[in-house]
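*Asks:* Below is a structure I'd like to ask you about.
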Number of protein chains: 4
Amino acid sequence: MTEETPEEVLAEARRWWHTDIIDVRPGEIDLRGYPVQELIGTVGFVDTIWLMLRGELPSHAQAALLEAALVASVDHGPQAPSIAIARMATTCGARINGAMASAINVLDDIHGGPGQQCMEIYLQIDAEAERTGDLGEAVRRVLKRQSDAGVAYIPGFGHRFHPLDPRTPRLLSLVDAAAADGSVDGRFAAIGRAVEDAISEGKSRRVPMNIDGATAVIYCELGFTPELGRGVFILSRSVGILAHAHEQMQQGGRIKGPVPKSIGYTYTGPARRSVPNERDK
Amino acid sequence: MTEETPEEVLAEARRWWHTDIIDVRPGEIDLRGYPVQELIGTVGFVDTIWLMLRGELPSHAQAALLEAALVASVDHGPQAPSIAIARMATTCGARINGAMASAINVLDDIHGGPGQQCMEIYLQIDAEAERTGDLGEAVRRVLKRQSDAGVAYIPGFGHRFHPLDPRTPRLLSLVDAAAADGSVDGRFAAIGRAVEDAISEGKSRRVPMNIDGATAVIYCELGFTPELGRGVFILSRSVGILAHAHEQMQQGGRIKGPVPKSIGYTYTGPARRSVPNERDK
Amino acid sequence: MTEETPEEVLAEARRWWHTDIIDVRPGEIDLRGYPVQELIGTVGFVDTIWLMLRGELPSHAQAALLEAALVASVDHGPQAPSIAIARMATTCGARINGAMASAINVLDDIHGGPGQQCMEIYLQIDAEAERTGDLGEAVRRVLKRQSDAGVAYIPGFGHRFHPLDPRTPRLLSLVDAAAADGSVDGRFAAIGRAVEDAISEGKSRRVPMNIDGATAVIYCELGFTPELGRGVFILSRSVGILAHAHEQMQQGGRIKGPVPKSIGYTYTGPARRSVPNERDK
Amino acid sequence: MTEETPEEVLAEARRWWHTDIIDVRPGEIDLRGYPVQELIGTVGFVDTIWLMLRGELPSHAQAALLEAALVASVDHGPQAPSIAIARMATTCGARINGAMASAINVLDDIHGGPGQQCMEIYLQIDAEAERTGDLGEAVRRVLKRQSDAGVAYIPGFGHRFHPLDPRTPRLLSLVDAAAADGSVDGRFAAIGRAVEDAISEGKSRRVPMNIDGATAVIYCELGFTPELGRGVFILSRSVGILAHAHEQMQQGGRIKGPVPKSIGYTYTGPARRSVPNERDK
């Protein structure tokens, strides 16, 4: 490799970080091309979220559906690990950014991730249905692949706590209304319902679509990738995380463990023993 | 302490975590008393943020000002450490929650914190001015206390990059309009401007209010505590963090360091030396 | 400012990140000047920790004391928030780095930080005693300053769980032995004991030095700064955090909250209410 | 389900968190059954790491090999994202726990994970070779499976920076010595070398085993699981992370971005445009 000139090295360095999202120059900040001061007070926060993630402003109908999904996912209470973590963190002296970070960090594959995984399943079904023209068959095929891969519970359906998730019917009705007036296609609502039918077949009780399955319908209808679906869920759940962290700061408490001292934990390890004088070489 | 009965221990354990924020029962989720399905599609995301943090729904004017502040703070580009951290994290294999967490974690005292510190200063001035009835004197007194405490730069004013922050005039005009129609008091806008005057006095160039100082005016007008002011900034900046993390995932890159290899870093430590055969006892 | 040449910009960029710690060139890695392959298998891990943090290899006596402090602090069980957070994180799908990060993040001012704060107090007393030559008076003066500043509990003393921390006598005896053979000075052991005497004066029960106070003695004797004292505690506690995270992965569990469902939490917020049709402007 | 009695609910709650690792009672702390004060000053830090992770004390030979691997992995300089993140974090006001957490969080699949993935490959080869008795064939088979699965680069081999990783020969010689005196089996060193041979076949330059491949040999020889292999790497790299975070605190710097301002970044997004007056419904 011939030696690069200083100008060439510099040019490479300037391009090391590159982005389509924001242009910052002295006195100027453009978000996806729009001067920020034109957005402030004119364009809403949800519109801005869409703009930052997708590159263009959404239609009003798109923003409304995204807004509904964001409102739906903000919290699920102190029993949720993310919420408990935020609360405990503040009692250790963590400031609000640290409490939020420790909590957001665990919105991972099992706690928050199901929405993303559910979207992937919907998208597979959609591709399959587009290929064959048969939705029912597409659903059967994709669910069988999941089952063969060892997936016991289809993400997005059922709930460890709610026999019927109160958020699902409301969200689906908003999607149906948007589909009726042509704002969205509606095919992912059909896919979601078809999956619920297929999963519930032969069971004594219906396995209902939960918040992850319902928001996954919305994010797919709106054209988000599964990755961004998880990201948007995180933006929403951050609100609950912040609220609980702040409330815990008001309540006080020092180094608050998960259970009170009177409950404690159970030690199941070896009985007390002495450190040997000699050990194997 | 007499032995507690099982019932007493249980009752204490049930109260160990307690909250005013959310009531979750099978089939029901109430946020600050409102069934979540009544909020979805009816109440906006910014209204919901306010509800979760403050306990009541905001007026339209309050929500509009909060929304403006949220839109204003979403991003400041890949040179911001939080953004750079999110981008680098994804190239290490971190998923979106991990990239966001590592980034949000550093929205600390110096990078994000200034808004909170600026609010504290405004609130001190407000308390002082209420006591004496003299705003100018209150500003002088509080700034002097800061200076005596060794604070060189009043948070919220000046900017390392922008001679005039393009977000400030727009935000202040929205506050002025809200004050004009009685939606907010307006006294923190007066305080912020008075601080800018005092800081700029005798300087060759004006030291302008920056985004932290302007959003601090808004959060004080809206009655947020400084702690929640930092929290709300974090909700906003999380949008930019997510956008950049996602974009970096699209761009690819493996284990991307802060600078390209051709730039590298400078080693300033000791010259190469050999490990001694013997060391002091 | 006259325009910089490409060479000048490049030179500045190469110095943007600079360090005394490590020199990495193709085929070579030197830690504080020592080729890493000379350290491997020759110099211990604790010696390496000292080398990386302090710049030179420690004496055997110094390494032995640091090692004792590191062993002492590795864990305090699932009731510690950091440990509980690591355990809950894994049940959310977090991998080992994420679980460790969320946990380490909360080793903050109240949970881990006391060692650092205790060191600061010891150092103040040491400076005062050096000035006046009177240890008792120095202790009284510094403790009074703490009390005047509103500090209720001197960090490093007393313990919410242990009437006598089993780690303290052993650690102090190691310091005493090292002082006896001249490996360390011993004056911080004297300071720590003097603080325990002063705090316990007039109380019905002695307020014993705890693990933070004892390791603070060691770190001060060894010449660590308070900041590095916290850092070293974190290295130690990371071992327990890793062990518990890994054990939880073996135990399984999905989205494990802080308490079992049968305990739950208590809702103390407003009664159920309906979203108003209209809201204030 | 019949109603549980308070005693039953309590018993379940006490077992909610259970562990073999540590028993904490007032005045007593036992790690895997050993009173902590018996370990302090008697058992080394590396021995304690082994005890906490594996449940028993290691032999001296086992501890020595683990120690070598820990020393080898402590740092790779400010170009490593984890190190850069720790450094940037401190300039944002993060304290040492926050800087370390943000950094450790990104020791993920690509940056730190390769050791774990390499162990998985070694273990597959080991199982295959045990089955067939033919190491060369086992290596070929497992590598082919990786290749068929789309894995381009076998983790643990090659290096983006070092033509020959200076840590590898030293580490392997220690394993060879331990195998020679019967302290370890030696079959994973054979596997690692066989993989290096197979990968390098037909290439113009040898693809050498790197630090991840070499420590993976050690961790497999020592019977660690791949998960714990990643955990142990994290304990090691935390040392470098701490050292760099602390050094950056000494160097100062405020909100330090990845590159100096004179380098900046490149905006590749849309040209400036105006927010439309009207948008689609």
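FYI, nothing fancy with the structure tokens labels: chains A, B, ... in order, residues from 1 per chain, ligands from 1 as they appear.
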Only residues of chain C matter here; which ones have an atom within 6 Å of chain A, counting only C-alpha atoms? Give them as a ChimeraX atom specification.

*Replies:* /C:6-7,79-81,85,89,92-94,102,106,108-111,257-258

*Asks:* Identify, on the basis of only C-alpha atoms, every residue whose closest approach to region 42-56 of chain C does not exceed 7 Å; exclude the query and any residue fewer than 5 positions from it along the same chain; express the result as a PDB file with N, CA and C atoms, in the first residue's frame.

*Replies:*
ATOM      1  N   ILE C  21      -0.703   4.391  29.268  1.00  0.00           N
ATOM      2  CA  ILE C  21      -0.979   3.061  29.788  1.00  0.00           C
ATOM      3  C   ILE C  21      -0.492   1.934  28.878  1.00  0.00           C
ATOM      4  N   ARG C  32       2.376  -0.215  30.229  1.00  0.00           N
ATOM      5  CA  ARG C  32       3.235   0.662  31.024  1.00  0.00           C
ATOM      6  C   ARG C  32       4.715   0.383  30.729  1.00  0.00           C
ATOM      7  N   ALA C  63       1.159  -5.767  46.981  1.00  0.00           N
ATOM      8  CA  ALA C  63       0.244  -6.629  46.230  1.00  0.00           C
ATOM      9  C   ALA C  63      -0.575  -7.501  47.176  1.00  0.00           C
ATOM     10  N   GLU C  67      -4.535  -7.533  47.376  1.00  0.00           N
ATOM     11  CA  GLU C  67      -5.203  -8.813  47.142  1.00  0.00           C
ATOM     12  C   GLU C  67      -6.211  -9.114  48.247  1.00  0.00           C
TER      13      GLU C  67
ATOM     14  N   GLU D  67      -4.799 -17.230  35.834  1.00  0.00           N
ATOM     15  CA  GLU D  67      -4.131 -15.949  36.077  1.00  0.00           C
ATOM     16  C   GLU D  67      -3.451 -15.441  34.806  1.00  0.00           C
ATOM     17  N   LEU D  70      -6.037 -14.043  32.499  1.00  0.00           N
ATOM     18  CA  LEU D  70      -6.553 -12.767  33.007  1.00  0.00           C
ATOM     19  C   LEU D  70      -5.559 -11.637  32.737  1.00  0.00           C
ATOM     20  N   VAL D  71      -4.281 -11.890  32.973  1.00  0.00           N
ATOM     21  CA  VAL D  71      -3.265 -10.864  32.732  1.00  0.00           C
ATOM     22  C   VAL D  71      -3.212 -10.498  31.253  1.00  0.00           C
ATOM     23  N   VAL D 239     -10.154  -4.174  33.988  1.00  0.00           N
ATOM     24  CA  VAL D 239      -8.968  -3.536  34.544  1.00  0.00           C
ATOM     25  C   VAL D 239      -8.493  -2.423  33.618  1.00  0.00           C
ATOM     26  N   GLY D 240      -8.388  -2.731  32.330  1.00  0.00           N
ATOM     27  CA  GLY D 240      -8.000  -1.716  31.367  1.00  0.00           C
ATOM     28  C   GLY D 240      -9.024  -0.600  31.291  1.00  0.00           C
ATOM     29  N   ALA D 243      -8.505   1.621  34.243  1.00  0.00           N
ATOM     30  CA  ALA D 243      -7.273   2.397  34.120  1.00  0.00           C
ATOM     31  C   ALA D 243      -7.454   3.573  33.165  1.00  0.00           C
TER      32      ALA D 243
END

*Asks:* Just the residues within 12 Å of Val142 (chain C), please, counting only C-alpha atoms, with nothing from its chain fewer than 4 positions along; format it as a ChimeraX atom specification.

*Replies:* /C:118,120-129,135-138,146-149,151,154,191,194-195,198-199

*Asks:* Include C-alpha atoms and write out the residues we just selected as a compact mmCIF listing (two decimals), in the first residue's frame.

*Replies:*
# COMPACT_ATOMS: atom_id res chain seq x y z
CA CYS C 118 -14.47 7.13 53.77
CA GLU C 120 -11.71 11.17 51.65
CA ILE C 121 -12.42 11.52 55.34
CA TYR C 122 -9.30 9.56 56.33
CA LEU C 123 -7.22 11.75 54.01
CA GLN C 124 -8.66 14.92 55.51
CA ILE C 125 -7.85 13.66 58.99
CA ASP C 126 -4.36 12.69 57.87
CA ALA C 127 -3.72 16.15 56.45
CA GLU C 128 -5.10 17.78 59.58
CA ALA C 129 -3.07 15.53 61.88
CA LEU C 135 -4.63 12.86 65.81
CA GLY C 136 -7.50 12.99 68.29
CA GLU C 137 -8.08 16.66 67.60
CA ALA C 138 -7.87 16.09 63.86
CA GLN C 146 -19.11 16.23 58.41
CA SER C 147 -21.78 16.67 61.04
CA ASP C 148 -22.13 20.39 60.26
CA ALA C 149 -22.51 19.49 56.59
CA VAL C 151 -23.77 13.93 57.20
CA ILE C 154 -19.90 8.48 58.67
CA ILE C 191 -6.85 6.98 61.87
CA ALA C 194 -9.50 6.69 66.11
CA VAL C 195 -12.59 7.41 64.03
CA ALA C 198 -14.81 8.92 68.29
CA ILE C 199 -18.03 7.76 66.62

*Asks:* Could you pull out all residues of region 78-246 of chain C with a DSSP call of helix (DSSP H, G or I) and give them as a ChimeraX atom specification?

*Replies:* /C:81-90,96-104,113-132,135-148,167-180,187-200,211-221,226-246

*Asks:* Please identify all polymer residues within 10 Å of Ala189 (chain D), counting only C-alpha atoms, omitting same-chain residues fewer than 2 positions from it, and present them as a VMD selection string.

*Replies:* chain D and resid 122 172 to 173 175 to 176 179 185 to 187 191 to 195 213 to 214 216 to 218 220 to 221

*Asks:* Using only N, CA, C and O atoms, please write the residues we just selected to a file, as a PDB file, in the first residue's frame.

*Replies:*
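Now in part_31.pdb:
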ATOM      1  N   TYR D 122     -14.366 -25.038  19.707  1.00  0.00           N
ATOM      2  CA  TYR D 122     -13.445 -26.028  20.259  1.00  0.00           C
ATOM      3  C   TYR D 122     -14.222 -27.182  20.895  1.00  0.00           C
ATOM      4  O   TYR D 122     -13.875 -28.349  20.733  1.00  0.00           O
ATOM      5  N   LEU D 172       0.258 -20.261  24.929  1.00  0.00           N
ATOM      6  CA  LEU D 172       0.268 -21.661  24.526  1.00  0.00           C
ATOM      7  C   LEU D 172       1.422 -22.427  25.180  1.00  0.00           C
ATOM      8  O   LEU D 172       1.269 -23.613  25.531  1.00  0.00           O
ATOM      9  N   SER D 173       2.547 -21.745  25.359  1.00  0.00           N
ATOM     10  CA  SER D 173       3.678 -22.433  26.007  1.00  0.00           C
ATOM     11  C   SER D 173       3.329 -22.771  27.452  1.00  0.00           C
ATOM     12  O   SER D 173       3.738 -23.807  27.979  1.00  0.00           O
ATOM     13  N   VAL D 175       0.315 -23.470  28.503  1.00  0.00           N
ATOM     14  CA  VAL D 175      -0.587 -24.623  28.441  1.00  0.00           C
ATOM     15  C   VAL D 175       0.210 -25.893  28.193  1.00  0.00           C
ATOM     16  O   VAL D 175      -0.012 -26.929  28.826  1.00  0.00           O
ATOM     17  N   ASP D 176       1.171 -25.800  27.257  1.00  0.00           N
ATOM     18  CA  ASP D 176       2.000 -26.971  26.957  1.00  0.00           C
ATOM     19  C   ASP D 176       2.720 -27.457  28.207  1.00  0.00           C
ATOM     20  O   ASP D 176       2.781 -28.672  28.469  1.00  0.00           O
ATOM     21  N   ALA D 179       0.319 -29.162  30.461  1.00  0.00           N
ATOM     22  CA  ALA D 179      -0.057 -30.474  29.933  1.00  0.00           C
ATOM     23  C   ALA D 179       1.075 -31.473  30.169  1.00  0.00           C
ATOM     24  O   ALA D 179       0.841 -32.634  30.513  1.00  0.00           O
ATOM     25  N   ASP D 185      -5.199 -31.455  30.507  1.00  0.00           N
ATOM     26  CA  ASP D 185      -5.219 -32.548  29.532  1.00  0.00           C
ATOM     27  C   ASP D 185      -4.374 -32.258  28.310  1.00  0.00           C
ATOM     28  O   ASP D 185      -3.657 -33.102  27.804  1.00  0.00           O
ATOM     29  N   GLY D 186      -4.487 -31.039  27.758  1.00  0.00           N
ATOM     30  CA  GLY D 186      -3.722 -30.659  26.580  1.00  0.00           C
ATOM     31  C   GLY D 186      -4.458 -30.859  25.266  1.00  0.00           C
ATOM     32  O   GLY D 186      -3.977 -30.432  24.212  1.00  0.00           O
ATOM     33  N   ARG D 187      -5.683 -31.421  25.335  1.00  0.00           N
ATOM     34  CA  ARG D 187      -6.304 -31.735  24.045  1.00  0.00           C
ATOM     35  C   ARG D 187      -6.881 -30.494  23.366  1.00  0.00           C
ATOM     36  O   ARG D 187      -7.079 -30.476  22.152  1.00  0.00           O
ATOM     37  N   ILE D 191      -6.421 -29.037  19.657  1.00  0.00           N
ATOM     38  CA  ILE D 191      -7.552 -28.610  18.828  1.00  0.00           C
ATOM     39  C   ILE D 191      -7.295 -27.222  18.252  1.00  0.00           C
ATOM     40  O   ILE D 191      -7.477 -26.983  17.049  1.00  0.00           O
ATOM     41  N   GLY D 192      -6.843 -26.298  19.112  1.00  0.00           N
ATOM     42  CA  GLY D 192      -6.573 -24.936  18.646  1.00  0.00           C
ATOM     43  C   GLY D 192      -5.548 -24.916  17.538  1.00  0.00           C
ATOM     44  O   GLY D 192      -5.707 -24.216  16.529  1.00  0.00           O
ATOM     45  N   ARG D 193      -4.489 -25.692  17.722  1.00  0.00           N
ATOM     46  CA  ARG D 193      -3.444 -25.718  16.696  1.00  0.00           C
ATOM     47  C   ARG D 193      -3.970 -26.345  15.408  1.00  0.00           C
ATOM     48  O   ARG D 193      -3.625 -25.906  14.303  1.00  0.00           O
ATOM     49  N   ALA D 194      -4.790 -27.378  15.566  1.00  0.00           N
ATOM     50  CA  ALA D 194      -5.354 -28.037  14.382  1.00  0.00           C
ATOM     51  C   ALA D 194      -6.262 -27.086  13.608  1.00  0.00           C
ATOM     52  O   ALA D 194      -6.289 -27.084  12.377  1.00  0.00           O
ATOM     53  N   VAL D 195      -7.002 -26.262  14.342  1.00  0.00           N
ATOM     54  CA  VAL D 195      -7.863 -25.287  13.671  1.00  0.00           C
ATOM     55  C   VAL D 195      -7.013 -24.267  12.928  1.00  0.00           C
ATOM     56  O   VAL D 195      -7.302 -23.920  11.775  1.00  0.00           O
ATOM     57  N   GLY D 213      -8.562 -16.900  20.677  1.00  0.00           N
ATOM     58  CA  GLY D 213      -8.334 -18.320  20.433  1.00  0.00           C
ATOM     59  C   GLY D 213      -7.451 -18.937  21.490  1.00  0.00           C
ATOM     60  O   GLY D 213      -7.646 -20.091  21.885  1.00  0.00           O
ATOM     61  N   ALA D 214      -6.471 -18.176  21.948  1.00  0.00           N
ATOM     62  CA  ALA D 214      -5.536 -18.697  22.944  1.00  0.00           C
ATOM     63  C   ALA D 214      -6.183 -18.787  24.326  1.00  0.00           C
ATOM     64  O   ALA D 214      -6.025 -19.790  25.025  1.00  0.00           O
ATOM     65  N   ALA D 216      -9.294 -19.038  24.796  1.00  0.00           N
ATOM     66  CA  ALA D 216     -10.325 -20.071  24.666  1.00  0.00           C
ATOM     67  C   ALA D 216      -9.719 -21.455  24.913  1.00  0.00           C
ATOM     68  O   ALA D 216     -10.355 -22.312  25.532  1.00  0.00           O
ATOM     69  N   VAL D 217      -8.505 -21.668  24.435  1.00  0.00           N
ATOM     70  CA  VAL D 217      -7.818 -22.938  24.720  1.00  0.00           C
ATOM     71  C   VAL D 217      -7.701 -23.101  26.234  1.00  0.00           C
ATOM     72  O   VAL D 217      -8.055 -24.142  26.792  1.00  0.00           O
ATOM     73  N   ILE D 218      -7.230 -22.059  26.898  1.00  0.00           N
ATOM     74  CA  ILE D 218      -7.043 -22.130  28.358  1.00  0.00           C
ATOM     75  C   ILE D 218      -8.359 -22.390  29.075  1.00  0.00           C
ATOM     76  O   ILE D 218      -8.461 -23.276  29.926  1.00  0.00           O
ATOM     77  N   CYS D 220     -11.108 -23.697  28.009  1.00  0.00           N
ATOM     78  CA  CYS D 220     -11.599 -25.060  27.750  1.00  0.00           C
ATOM     79  C   CYS D 220     -10.793 -26.077  28.542  1.00  0.00           C
ATOM     80  O   CYS D 220     -11.360 -26.986  29.140  1.00  0.00           O
ATOM     81  N   GLU D 221      -9.455 -25.931  28.531  1.00  0.00           N
ATOM     82  CA  GLU D 221      -8.621 -26.840  29.321  1.00  0.00           C
ATOM     83  C   GLU D 221      -9.042 -26.815  30.790  1.00  0.00           C
ATOM     84  O   GLU D 221      -8.997 -27.820  31.481  1.00  0.00           O
TER      85      GLU D 221
END

*Asks:* What is the CA of Leu164 (chain D)-CA of Ile22 (chain C) distance in Å, reported with one decimal?

*Replies:*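 These atoms are spaced 17.7 Å apart.
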
*Asks:* Please indicate the distance in Å from CA of Asp197 (chain B) to CA of Arg160 (chain B), rounded to one decimal place.

*Replies:*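 A separation of 18.9 Å between them.
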
*Asks:* Leaving out Tyr219 (chain B) and any residue of its chain fewer than 2 positions from it, which residues lie within 9 Å of it when counting only C-alpha atoms, given as a list of chain:residue names?

*Replies:*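 Once the adjacent positions are removed, what remains is B:Leu65, B:Leu66, B:Ala69, B:Met119, B:Ala214, B:Thr215, B:Ala216, B:Val217, B:Glu221, B:Leu222, B:Gly223, B:Phe224, B:Thr225, B:Pro226, B:Leu228, B:Gly229.
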
*Asks:* Please indicate the distance in Å from CA of Asp212 (chain A) to CA of Asp165 (chain A), rounded to one decimal place.

*Replies:*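 Here the two named atoms are 10.1 Å from each other.
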
*Asks:* Using only C-alpha atoms for the distances, tell me which of A:His244, A:Arg272, A:Arg279, A:Arg170 is nearest to Thr19 (chain B).

*Replies:* A:His244

*Asks:* Point out the residue among A:Ala180, A:Leu242, A:Met249, A:Leu143 with the least atom-to-atom distance to Asp75 (chain A), counting only C-alpha atoms.

*Replies:*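 Residue with the minimum atom-to-atom distance to Asp75 (chain A): A:Leu242.
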
*Asks:* So that I can check the surroundings of Arg273 (chain B), please list as an MDAnalysis selection string every protein, DNA and RNA residue that reaches within 9 Å of it, counting only C-alpha atoms and ignoring chain neighbours fewer than 6 positions away.

*Replies:* chainID C and resid 30 32:35
